[in-house]
>>> print(open('structure.pdb').read())   # PDB, C-alpha atoms
ATOM      1  CA  MET C   1       0.000   0.000   0.000  1.00  0.00           C
ATOM      2  CA  ARG C   2       2.744   2.408   0.900  1.00  0.00           C
ATOM      3  CA  LYS C   3       4.516   3.985  -2.052  1.00  0.00           C
ATOM      4  CA  SER C   4       7.507   6.195  -1.485  1.00  0.00           C
ATOM      5  CA  LEU C   5       9.493   7.751  -4.300  1.00  0.00           C
ATOM      6  CA  ALA C   6      12.767   7.149  -2.501  1.00  0.00           C
ATOM      7  CA  LEU C   7      13.326   4.754  -5.312  1.00  0.00           C
ATOM      8  CA  VAL C   8      16.871   3.515  -4.827  1.00  0.00           C
ATOM      9  CA  PRO C   9      17.146   1.760  -1.436  1.00  0.00           C
ATOM     10  CA  LEU C  10      19.367   3.683   0.935  1.00  0.00           C
ATOM     11  CA  ILE C  11      21.567   0.638   1.480  1.00  0.00           C
ATOM     12  CA  LEU C  12      22.182   0.730  -2.289  1.00  0.00           C
ATOM     13  CA  LEU C  13      22.938   4.449  -2.311  1.00  0.00           C
ATOM     14  CA  SER C  14      25.488   4.004   0.464  1.00  0.00           C
ATOM     15  CA  ALA C  15      27.317   1.348  -1.526  1.00  0.00           C
ATOM     16  CA  ILE C  16      27.358   3.537  -4.643  1.00  0.00           C
ATOM     17  CA  ASP C  17      28.562   6.622  -2.783  1.00  0.00           C
ATOM     18  CA  THR C  18      31.318   4.716  -1.046  1.00  0.00           C
ATOM     19  CA  ALA C  19      32.538   3.354  -4.352  1.00  0.00           C
ATOM     20  CA  HIS C  20      32.497   6.742  -6.059  1.00  0.00           C
ATOM     21  CA  SER C  21      33.621   8.980  -3.195  1.00  0.00           C
ATOM     22  CA  ALA C  22      30.852  11.421  -4.095  1.00  0.00           C
ATOM     23  CA  ASP C  23      27.553  12.264  -2.492  1.00  0.00           C
ATOM     24  CA  PHE C  24      25.451  14.472  -4.776  1.00  0.00           C
ATOM     25  CA  SER C  25      23.575  13.353  -7.875  1.00  0.00           C
ATOM     26  CA  LEU C  26      20.919  14.586 -10.302  1.00  0.00           C
ATOM     27  CA  GLY C  27      18.806  12.563 -12.678  1.00  0.00           C
ATOM     28  CA  VAL C  28      15.381  11.543 -13.859  1.00  0.00           C
ATOM     29  CA  GLN C  29      13.137   8.651 -12.879  1.00  0.00           C
ATOM     30  CA  GLY C  30       9.830   7.277 -14.043  1.00  0.00           C
ATOM     31  CA  GLY C  31       7.644   4.230 -14.077  1.00  0.00           C
ATOM     32  CA  SER C  32       4.202   2.801 -13.608  1.00  0.00           C
ATOM     33  CA  TYR C  33       2.125   2.057 -10.533  1.00  0.00           C
ATOM     34  CA  GLY C  34      -0.299  -0.779 -10.728  1.00  0.00           C
ATOM     35  CA  THR C  35      -3.441   0.401  -8.986  1.00  0.00           C
ATOM     36  CA  ALA C  36      -5.972  -1.734  -7.160  1.00  0.00           C
ATOM     37  CA  TYR C  37      -8.708   0.848  -7.735  1.00  0.00           C
ATOM     38  CA  LYS C  38     -11.314   0.422 -10.458  1.00  0.00           C
ATOM     39  CA  THR C  39      -9.826   3.037 -12.767  1.00  0.00           C
ATOM     40  CA  ARG C  40      -9.669   3.480 -16.523  1.00  0.00           C
ATOM     41  CA  HIS C  41      -5.875   3.328 -16.832  1.00  0.00           C
ATOM     42  CA  ALA C  42      -2.659   2.609 -14.961  1.00  0.00           C
ATOM     43  CA  ASP C  43      -0.743   5.374 -13.196  1.00  0.00           C
ATOM     44  CA  TYR C  44       2.355   6.472 -15.128  1.00  0.00           C
ATOM     45  CA  TRP C  45       4.710   9.120 -13.775  1.00  0.00           C
ATOM     46  CA  ALA C  46       8.069  10.852 -14.310  1.00  0.00           C
ATOM     47  CA  LEU C  47      10.020  13.064 -11.911  1.00  0.00           C
ATOM     48  CA  PRO C  48      13.469  14.607 -11.552  1.00  0.00           C
ATOM     49  CA  TYR C  49      15.772  12.824  -9.124  1.00  0.00           C
ATOM     50  CA  ILE C  50      17.959  14.541  -6.498  1.00  0.00           C
ATOM     51  CA  GLY C  51      20.277  12.466  -4.326  1.00  0.00           C
ATOM     52  CA  TYR C  52      22.568  13.521  -1.506  1.00  0.00           C
ATOM     53  CA  ASN C  53      24.011  11.023   0.953  1.00  0.00           C
ATOM     54  CA  GLY C  54      25.990  12.918   3.573  1.00  0.00           C
ATOM     55  CA  GLN C  55      27.040  11.774   7.004  1.00  0.00           C
ATOM     56  CA  THR C  56      24.151  13.604   8.694  1.00  0.00           C
ATOM     57  CA  TRP C  57      21.721  14.956   6.053  1.00  0.00           C
ATOM     58  CA  TYR C  58      20.467  13.060   3.025  1.00  0.00           C
ATOM     59  CA  ILE C  59      18.052  13.425   0.102  1.00  0.00           C
ATOM     60  CA  ASP C  60      16.789  10.449  -1.885  1.00  0.00           C
ATOM     61  CA  GLY C  61      14.247  11.466  -4.505  1.00  0.00           C
ATOM     62  CA  THR C  62      11.128  12.562  -2.604  1.00  0.00           C
ATOM     63  CA  GLU C  63      12.558  11.530   0.755  1.00  0.00           C
ATOM     64  CA  ALA C  64      14.847  13.613   2.956  1.00  0.00           C
ATOM     65  CA  GLY C  65      16.091  13.303   6.497  1.00  0.00           C
ATOM     66  CA  TYR C  66      18.670  13.628   9.237  1.00  0.00           C
ATOM     67  CA  ASN C  67      20.878  10.809  10.547  1.00  0.00           C
ATOM     68  CA  PHE C  68      21.212  10.615  14.315  1.00  0.00           C
ATOM     69  CA  ILE C  69      23.295   7.448  13.929  1.00  0.00           C
ATOM     70  CA  ASN C  70      25.120   6.580  10.706  1.00  0.00           C
ATOM     71  CA  THR C  71      27.747   3.851  11.033  1.00  0.00           C
ATOM     72  CA  ASP C  72      28.795   0.863   8.946  1.00  0.00           C
ATOM     73  CA  THR C  73      26.240  -1.338  10.729  1.00  0.00           C
ATOM     74  CA  GLN C  74      23.520   0.974  12.108  1.00  0.00           C
ATOM     75  CA  THR C  75      21.456   3.888  10.888  1.00  0.00           C
ATOM     76  CA  PHE C  76      18.813   5.796  12.816  1.00  0.00           C
ATOM     77  CA  ARG C  77      17.224   8.745  11.048  1.00  0.00           C
ATOM     78  CA  ALA C  78      14.310  11.163  11.153  1.00  0.00           C
ATOM     79  CA  LYS C  79      12.762  11.763   7.756  1.00  0.00           C
ATOM     80  CA  VAL C  80       9.934  13.144   5.674  1.00  0.00           C
ATOM     81  CA  TYR C  81       8.764  11.351   2.542  1.00  0.00           C
ATOM     82  CA  TYR C  82       6.053  11.537  -0.085  1.00  0.00           C
ATOM     83  CA  TYR C  83       3.312   8.923   0.278  1.00  0.00           C
ATOM     84  CA  THR C  84       1.958   8.551  -3.224  1.00  0.00           C
ATOM     85  CA  ASN C  85      -1.128   6.396  -2.756  1.00  0.00           C
ATOM     86  CA  GLN C  86      -4.054   8.288  -4.264  1.00  0.00           C
ATOM     87  CA  TYR C  87      -7.316   7.980  -6.148  1.00  0.00           C
ATOM     88  CA  SER C  88      -8.640  10.585  -8.571  1.00  0.00           C
ATOM     89  CA  ALA C  89     -12.416  10.347  -8.904  1.00  0.00           C
ATOM     90  CA  SER C  90     -12.231  11.594 -12.503  1.00  0.00           C
ATOM     91  CA  ASP C  91     -10.283   8.416 -13.391  1.00  0.00           C
ATOM     92  CA  GLY C  92     -13.009   6.092 -12.100  1.00  0.00           C
ATOM     93  CA  ARG C  93     -13.990   3.295 -14.479  1.00  0.00           C
ATOM     94  CA  ASN C  94     -17.733   3.889 -14.145  1.00  0.00           C
ATOM     95  CA  ALA C  95     -20.205   6.478 -12.893  1.00  0.00           C
ATOM     96  CA  ALA C  96     -20.297   4.961  -9.396  1.00  0.00           C
ATOM     97  CA  MET C  97     -16.506   5.226  -9.005  1.00  0.00           C
ATOM     98  CA  ARG C  98     -16.492   8.755 -10.421  1.00  0.00           C
ATOM     99  CA  SER C  99     -19.041   9.856  -7.811  1.00  0.00           C
ATOM    100  CA  LEU C 100     -16.725   8.950  -4.922  1.00  0.00           C
ATOM    101  CA  ASP C 101     -14.448  11.442  -3.204  1.00  0.00           C
ATOM    102  CA  SER C 102     -10.844  11.625  -4.389  1.00  0.00           C
ATOM    103  CA  ARG C 103      -8.137  10.285  -2.076  1.00  0.00           C
ATOM    104  CA  TYR C 104      -5.030  12.443  -1.962  1.00  0.00           C
ATOM    105  CA  SER C 105      -1.366  11.634  -1.532  1.00  0.00           C
ATOM    106  CA  THR C 106       0.370  13.138   1.479  1.00  0.00           C
ATOM    107  CA  MET C 107       3.673  13.927   3.147  1.00  0.00           C
ATOM    108  CA  MET C 108       4.698  11.508   5.874  1.00  0.00           C
ATOM    109  CA  ALA C 109       7.150  12.137   8.685  1.00  0.00           C
ATOM    110  CA  GLY C 110       8.767   9.565  10.922  1.00  0.00           C
ATOM    111  CA  PHE C 111      11.817   7.525  11.833  1.00  0.00           C
ATOM    112  CA  THR C 112      13.796   4.662  10.301  1.00  0.00           C
ATOM    113  CA  TYR C 113      16.167   2.277  12.044  1.00  0.00           C
ATOM    114  CA  GLN C 114      18.357  -0.057   9.983  1.00  0.00           C
ATOM    115  CA  TYR C 115      20.815  -2.684  11.177  1.00  0.00           C
ATOM    116  CA  ILE C 116      23.229  -4.317   8.739  1.00  0.00           C
ATOM    117  CA  SER C 117      24.238  -7.814   9.840  1.00  0.00           C
ATOM    118  CA  PRO C 118      26.445 -10.436   8.165  1.00  0.00           C
ATOM    119  CA  ILE C 119      23.271 -12.066   6.792  1.00  0.00           C
ATOM    120  CA  GLY C 120      21.576  -8.904   5.500  1.00  0.00           C
ATOM    121  CA  ALA C 121      19.961  -5.660   6.626  1.00  0.00           C
ATOM    122  CA  PHE C 122      16.910  -5.345   8.874  1.00  0.00           C
ATOM    123  CA  SER C 123      14.933  -2.128   8.641  1.00  0.00           C
ATOM    124  CA  THR C 124      11.836  -0.658  10.261  1.00  0.00           C
ATOM    125  CA  THR C 125      10.098   2.664   9.569  1.00  0.00           C
ATOM    126  CA  LEU C 126       7.362   4.486  11.488  1.00  0.00           C
ATOM    127  CA  GLY C 127       5.523   7.244   9.629  1.00  0.00           C
ATOM    128  CA  ALA C 128       2.565   9.557  10.248  1.00  0.00           C
ATOM    129  CA  ASP C 129       0.504  11.749   7.918  1.00  0.00           C
ATOM    130  CA  THR C 130       1.601  15.381   8.352  1.00  0.00           C
ATOM    131  CA  LEU C 131      -1.101  16.953   6.122  1.00  0.00           C
ATOM    132  CA  ASN C 132      -4.074  15.328   7.904  1.00  0.00           C
ATOM    133  CA  ASN C 133      -5.404  13.833   4.679  1.00  0.00           C
ATOM    134  CA  SER C 134      -5.828  10.401   6.215  1.00  0.00           C
ATOM    135  CA  LYS C 135      -4.610  11.095   9.765  1.00  0.00           C
ATOM    136  CA  GLY C 136      -2.924   7.740   9.256  1.00  0.00           C
ATOM    137  CA  VAL C 137       0.039   5.939  10.780  1.00  0.00           C
ATOM    138  CA  THR C 138       2.113   3.352   8.927  1.00  0.00           C
ATOM    139  CA  VAL C 139       4.867   0.928   9.941  1.00  0.00           C
ATOM    140  CA  ASN C 140       7.212  -0.887   7.577  1.00  0.00           C
ATOM    141  CA  ALA C 141       9.427  -3.864   8.440  1.00  0.00           C
ATOM    142  CA  ALA C 142      11.855  -5.221   5.845  1.00  0.00           C
ATOM    143  CA  TYR C 143      14.733  -7.620   5.263  1.00  0.00           C
ATOM    144  CA  ILE C 144      17.226  -6.471   2.623  1.00  0.00           C
ATOM    145  CA  LEU C 145      20.130  -8.185   0.895  1.00  0.00           C
ATOM    146  CA  LEU C 146      22.852  -6.599  -1.222  1.00  0.00           C
ATOM    147  CA  GLN C 147      24.955  -8.419  -3.783  1.00  0.00           C
ATOM    148  CA  GLN C 148      27.598  -6.656  -5.858  1.00  0.00           C
ATOM    149  CA  TRP C 149      29.503  -7.872  -8.921  1.00  0.00           C
ATOM    150  CA  GLY C 150      31.806  -5.144 -10.125  1.00  0.00           C
ATOM    151  CA  ASN C 151      29.669  -2.187 -11.153  1.00  0.00           C
ATOM    152  CA  PHE C 152      26.401  -4.123 -10.898  1.00  0.00           C
ATOM    153  CA  ILE C 153      24.437  -4.156  -7.631  1.00  0.00           C
ATOM    154  CA  LEU C 154      21.383  -6.311  -6.925  1.00  0.00           C
ATOM    155  CA  VAL C 155      19.158  -5.636  -3.893  1.00  0.00           C
ATOM    156  CA  PRO C 156      16.344  -8.105  -3.095  1.00  0.00           C
ATOM    157  CA  GLU C 157      13.938  -7.011  -0.347  1.00  0.00           C
ATOM    158  CA  MET C 158      10.983  -8.586   1.388  1.00  0.00           C
ATOM    159  CA  GLY C 159       8.778  -6.857   3.901  1.00  0.00           C
ATOM    160  CA  VAL C 160       5.353  -5.867   5.131  1.00  0.00           C
ATOM    161  CA  ASP C 161       3.567  -2.515   5.416  1.00  0.00           C
ATOM    162  CA  TRP C 162       1.075  -1.991   8.233  1.00  0.00           C
ATOM    163  CA  SER C 163      -1.490   0.828   8.070  1.00  0.00           C
ATOM    164  CA  ASN C 164      -3.774   1.789  10.918  1.00  0.00           C
ATOM    165  CA  ALA C 165      -7.546   1.880  10.470  1.00  0.00           C
ATOM    166  CA  GLN C 166      -7.628   5.610   9.659  1.00  0.00           C
ATOM    167  CA  ASN C 167      -5.157   5.225   6.800  1.00  0.00           C
ATOM    168  CA  THR C 168      -6.829   2.090   5.410  1.00  0.00           C
ATOM    169  CA  ARG C 169     -10.304   3.648   5.611  1.00  0.00           C
ATOM    170  CA  TYR C 170      -9.241   6.883   3.949  1.00  0.00           C
ATOM    171  CA  TYR C 171      -7.777   5.151   0.902  1.00  0.00           C
ATOM    172  CA  TYR C 172     -10.101   2.148   0.600  1.00  0.00           C
ATOM    173  CA  GLY C 173     -13.183   2.768   2.742  1.00  0.00           C
ATOM    174  CA  ILE C 174     -16.551   4.025   1.508  1.00  0.00           C
ATOM    175  CA  SER C 175     -18.547   6.282   3.807  1.00  0.00           C
ATOM    176  CA  GLU C 176     -22.329   6.242   4.190  1.00  0.00           C
ATOM    177  CA  GLN C 177     -22.512   9.531   2.269  1.00  0.00           C
ATOM    178  CA  GLU C 178     -20.443   8.143  -0.597  1.00  0.00           C
ATOM    179  CA  SER C 179     -22.524   4.970  -0.598  1.00  0.00           C
ATOM    180  CA  ALA C 180     -25.761   6.926  -0.913  1.00  0.00           C
ATOM    181  CA  ARG C 181     -24.310   9.000  -3.739  1.00  0.00           C
ATOM    182  CA  SER C 182     -22.666   6.187  -5.710  1.00  0.00           C
ATOM    183  CA  GLY C 183     -24.792   3.126  -4.980  1.00  0.00           C
ATOM    184  CA  LEU C 184     -21.680   1.220  -3.801  1.00  0.00           C
ATOM    185  CA  SER C 185     -21.882  -0.598  -0.484  1.00  0.00           C
ATOM    186  CA  PRO C 186     -20.369   1.120   2.567  1.00  0.00           C
ATOM    187  CA  TRP C 187     -16.953  -0.194   3.551  1.00  0.00           C
ATOM    188  CA  ARG C 188     -15.302   0.505   6.901  1.00  0.00           C
ATOM    189  CA  PRO C 189     -12.127  -1.593   7.120  1.00  0.00           C
ATOM    190  CA  HIS C 190      -9.840  -2.058  10.094  1.00  0.00           C
ATOM    191  CA  ASP C 191      -6.048  -1.845   9.920  1.00  0.00           C
ATOM    192  CA  SER C 192      -4.224  -3.723   7.161  1.00  0.00           C
ATOM    193  CA  PHE C 193      -1.002  -5.650   6.534  1.00  0.00           C
ATOM    194  CA  VAL C 194       0.381  -5.618   2.974  1.00  0.00           C
ATOM    195  CA  PRO C 195       3.311  -7.987   2.306  1.00  0.00           C
ATOM    196  CA  TYR C 196       5.595  -7.243  -0.635  1.00  0.00           C
ATOM    197  CA  LEU C 197       8.627  -8.475  -2.565  1.00  0.00           C
ATOM    198  CA  GLN C 198      10.993  -6.075  -4.269  1.00  0.00           C
ATOM    199  CA  LEU C 199      14.022  -6.382  -6.507  1.00  0.00           C
ATOM    200  CA  ALA C 200      16.206  -3.324  -7.164  1.00  0.00           C
ATOM    201  CA  MET C 201      19.307  -3.145  -9.311  1.00  0.00           C
ATOM    202  CA  ASN C 202      21.893  -0.534 -10.238  1.00  0.00           C
ATOM    203  CA  TYR C 203      24.595  -0.431 -12.861  1.00  0.00           C
ATOM    204  CA  ALA C 204      27.381   2.177 -12.741  1.00  0.00           C
ATOM    205  CA  TRP C 205      28.457   2.912 -16.308  1.00  0.00           C
ATOM    206  CA  SER C 206      31.221   5.173 -15.014  1.00  0.00           C
ATOM    207  CA  LYS C 207      32.176   7.038 -11.830  1.00  0.00           C
ATOM    208  CA  GLN C 208      29.423   9.553 -12.660  1.00  0.00           C
ATOM    209  CA  TRP C 209      26.627   7.759 -14.540  1.00  0.00           C
ATOM    210  CA  ASN C 210      24.259   5.284 -12.885  1.00  0.00           C
ATOM    211  CA  THR C 211      21.128   3.571 -14.096  1.00  0.00           C
ATOM    212  CA  TRP C 212      18.702   1.686 -11.890  1.00  0.00           C
ATOM    213  CA  GLY C 213      15.514  -0.291 -11.980  1.00  0.00           C
ATOM    214  CA  GLU C 214      13.091  -1.571  -9.386  1.00  0.00           C
ATOM    215  CA  ILE C 215      10.118  -3.922  -9.513  1.00  0.00           C
ATOM    216  CA  THR C 216       7.784  -4.426  -6.566  1.00  0.00           C
ATOM    217  CA  GLY C 217       4.871  -6.805  -6.082  1.00  0.00           C
ATOM    218  CA  ARG C 218       2.308  -6.211  -3.322  1.00  0.00           C
ATOM    219  CA  LEU C 219      -0.365  -8.624  -2.087  1.00  0.00           C
ATOM    220  CA  TYR C 220      -3.504  -7.045  -0.637  1.00  0.00           C
ATOM    221  CA  PRO C 221      -5.437  -8.530   2.290  1.00  0.00           C
ATOM    222  CA  SER C 222      -9.234  -8.797   2.336  1.00  0.00           C
ATOM    223  CA  THR C 223      -9.523  -5.499   4.252  1.00  0.00           C
ATOM    224  CA  ILE C 224      -8.419  -3.850   0.986  1.00  0.00           C
ATOM    225  CA  SER C 225      -9.321  -6.311  -1.784  1.00  0.00           C
ATOM    226  CA  ASP C 226     -12.940  -6.649  -0.562  1.00  0.00           C
ATOM    227  CA  SER C 227     -13.514  -2.896  -0.869  1.00  0.00           C
ATOM    228  CA  PRO C 228     -16.077  -1.992  -3.562  1.00  0.00           C
ATOM    229  CA  MET C 229     -13.445   0.440  -4.874  1.00  0.00           C
ATOM    230  CA  VAL C 230     -10.991  -2.381  -5.581  1.00  0.00           C
ATOM    231  CA  ASN C 231     -10.867  -5.175  -8.137  1.00  0.00           C
ATOM    232  CA  LYS C 232      -7.395  -6.646  -7.577  1.00  0.00           C
ATOM    233  CA  HIS C 233      -5.708  -8.783  -4.937  1.00  0.00           C
ATOM    234  CA  GLY C 234      -2.258  -7.472  -5.787  1.00  0.00           C
ATOM    235  CA  VAL C 235      -0.344  -4.943  -7.864  1.00  0.00           C
ATOM    236  CA  THR C 236       3.044  -4.599  -9.535  1.00  0.00           C
ATOM    237  CA  GLU C 237       5.102  -1.396  -9.596  1.00  0.00           C
ATOM    238  CA  LEU C 238       7.981  -0.671 -11.982  1.00  0.00           C
ATOM    239  CA  THR C 239      10.595   2.093 -11.765  1.00  0.00           C
ATOM    240  CA  LEU C 240      13.515   3.066 -14.020  1.00  0.00           C
ATOM    241  CA  GLY C 241      15.987   5.865 -13.503  1.00  0.00           C
ATOM    242  CA  VAL C 242      19.313   7.422 -14.492  1.00  0.00           C
ATOM    243  CA  SER C 243      21.506   9.822 -12.517  1.00  0.00           C
ATOM    244  CA  TYR C 244      24.788  11.723 -12.748  1.00  0.00           C
ATOM    245  CA  THR C 245      26.945  11.859  -9.638  1.00  0.00           C
ATOM    246  CA  PHE C 246      29.101  14.954  -9.068  1.00  0.00           C
TER
END
>>> encode(input="structure.pdb", output="structure tokens")
Amino acid sequence: MRKSLALVPLILLSAIDTAHSADFSLGVQGGSYGTAYKTRHADYWALPYIGYNGQTWYIDGTEAGYNFINTDTQTFRAKVYYYTNQYSASDGRNAAMRSLDSRYSTMMAGFTYQYISPIGAFSTTLGADTLNNSKGVTVNAAYILLQQWGNFILVPEMGVDWSNAQNTRYYYGISEQESARSGLSPWRPHDSFVPYLQLAMNYAWSKQWNTWGEITGRLYPSTISDSPMVNKHGVTELTLGVSYTF
């Protein structure tokens, strides 16, 4: 459910920066978001990319933060990041979907702790809606591996995103007022757990030029997939990007 445009995992950025002895990059990124909503088309997007991976401050696409701890094995940071889940009523597949309220993306703020062990990295993130769109709280827990062969880096990740009831209801619930207007049944879900698998990769063509890709598959529980707004049990997200490191 959670979608952040910090598209290259931070463990991957750290490896790239260490190899290149540089910490500022510019580029472009784009891709497609599979959507579980009953819409007329998939969600395609393109954005500029800004990356900075300093000892204390960092920027990673639409995520930025401050490192309280930043060692070879542990990172603890405060951050803000763009939560891109959204539904535009004008994109609804039928009249009932178009009569619902739009659901807006938001800016989240929270904390991430990551521990890098000999068998991989363990990461957890707590975030809260700062714009009061959903008044939601989310928690992510993930296990991350990193394999490097020369200039090619592969980063498999598996994890789960938890959203509290407010966040799940805002994005997938249907109120009594919306039900009366659209004819869709009311839906008032509780909190939700969304497991996912992700595979990211990066290739450094030179000390300055990097390209990356990322594919993510998410599996929705019944609290989401049973919503009258939804017609899928899972989605796939694809991202591609290129950057120049100064």
>>> resolve_selection(input="structure.pdb", expression="the PyMOL selection byres ((chain C and resi 188-203) around 7)", output="MDAnalysis selection string")
chainID C and resid 1 151:165 168:169 173:174 186:187 204:205 210:221 223
>>> residues_around(input="structure.pdb", residues="C:Ser182", least_positions_apart="5", cutoff="10 Å", atoms="only C-alpha atoms", output="MDAnalysis selection string")
chainID C and resid 95:100 174 176:177
>>> closest_residue(input="structure.pdb", among="C:Gln114, C:Gln147, C:Asn94, C:Thr106", to="C:Thr130", atoms="all atoms listed in the file")
C:Thr106
>>> atom_distance(input="structure.pdb", atom1="atom CA of C:Met107", atom2="atom CA of C:Lys38")
24.3 Å
>>> axis_aligned_box(input="structure.pdb", around="stretch 77-80 of chain C", padding_each_side="4 Å", output="AutoDock Vina command-line options")
--center_x 13.6 --center_y 10.9 --center_z 8.4 --size_x 15.3 --size_y 12.4 --size_z 13.5
>>> resolve_selection(input="structure.pdb", expression="the PyMOL selection byres ((chain C and resi 135) around 10)", output="PyMOL selection string")
chain C and resi 106+128-134+136-137+164-167+170
>>> atom_distance(input="structure.pdb", atom1="atom CA of C:Gln208", atom2="atom CA of C:Phe246")
6.5 Å
>>> atom_distance(input="structure.pdb", atom1="atom CA of C:Thr35", atom2="atom CA of C:Ser243")
26.9 Å
>>> residues_around(input="structure.pdb", residues="stretch 50-67 of chain C", least_positions_apart="2", cutoff="7 Å", atoms="only C-alpha atoms", output="VMD selection string")
chain C and resid 5 to 7 23 to 27 48 69 to 70 75 to 82
>>> build_atoms(input="structure.pdb", residues="stretch 234-241 of chain C", atoms="all heavy atoms", output="compact mmCIF listing (two decimals), keeping the file's coordinate frame")
# COMPACT_ATOMS: atom_id res chain seq x y z
N GLY C 234 -3.66 -7.85 -5.82
CA GLY C 234 -2.26 -7.47 -5.79
C GLY C 234 -1.92 -6.55 -6.94
O GLY C 234 -2.66 -6.45 -7.92
N VAL C 235 -0.79 -5.86 -6.82
CA VAL C 235 -0.34 -4.94 -7.86
C VAL C 235 1.16 -5.09 -8.06
O VAL C 235 1.87 -5.60 -7.20
CB VAL C 235 -0.67 -3.47 -7.53
CG1 VAL C 235 -2.16 -3.24 -7.43
CG2 VAL C 235 0.02 -3.05 -6.24
N THR C 236 1.62 -4.63 -9.22
CA THR C 236 3.04 -4.60 -9.54
C THR C 236 3.44 -3.17 -9.87
O THR C 236 2.72 -2.48 -10.60
CB THR C 236 3.37 -5.52 -10.72
OG1 THR C 236 2.97 -6.85 -10.40
CG2 THR C 236 4.86 -5.50 -11.02
N GLU C 237 4.58 -2.74 -9.35
CA GLU C 237 5.10 -1.40 -9.60
C GLU C 237 6.46 -1.50 -10.27
O GLU C 237 7.28 -2.35 -9.89
CB GLU C 237 5.24 -0.62 -8.28
CG GLU C 237 3.93 -0.52 -7.51
CD GLU C 237 4.16 -0.21 -6.04
OE1 GLU C 237 5.32 0.13 -5.67
OE2 GLU C 237 3.21 -0.32 -5.26
N LEU C 238 6.73 -0.66 -11.25
CA LEU C 238 7.98 -0.67 -11.98
C LEU C 238 8.57 0.72 -12.00
O LEU C 238 7.87 1.71 -12.24
CB LEU C 238 7.75 -1.15 -13.42
CG LEU C 238 8.97 -1.13 -14.34
CD1 LEU C 238 10.02 -2.12 -13.87
CD2 LEU C 238 8.55 -1.42 -15.78
N THR C 239 9.89 0.82 -11.76
CA THR C 239 10.60 2.09 -11.76
C THR C 239 11.90 1.95 -12.54
O THR C 239 12.60 0.95 -12.43
CB THR C 239 10.93 2.52 -10.33
OG1 THR C 239 9.72 2.74 -9.61
CG2 THR C 239 11.74 3.80 -10.33
N LEU C 240 12.23 2.98 -13.33
CA LEU C 240 13.52 3.07 -14.02
C LEU C 240 14.07 4.46 -13.80
O LEU C 240 13.31 5.44 -13.71
CB LEU C 240 13.33 2.80 -15.52
CG LEU C 240 12.82 1.42 -15.93
CD1 LEU C 240 12.52 1.40 -17.42
CD2 LEU C 240 13.82 0.34 -15.55
N GLY C 241 15.40 4.57 -13.73
CA GLY C 241 15.99 5.86 -13.50
C GLY C 241 17.42 5.94 -13.96
O GLY C 241 18.10 4.92 -14.16
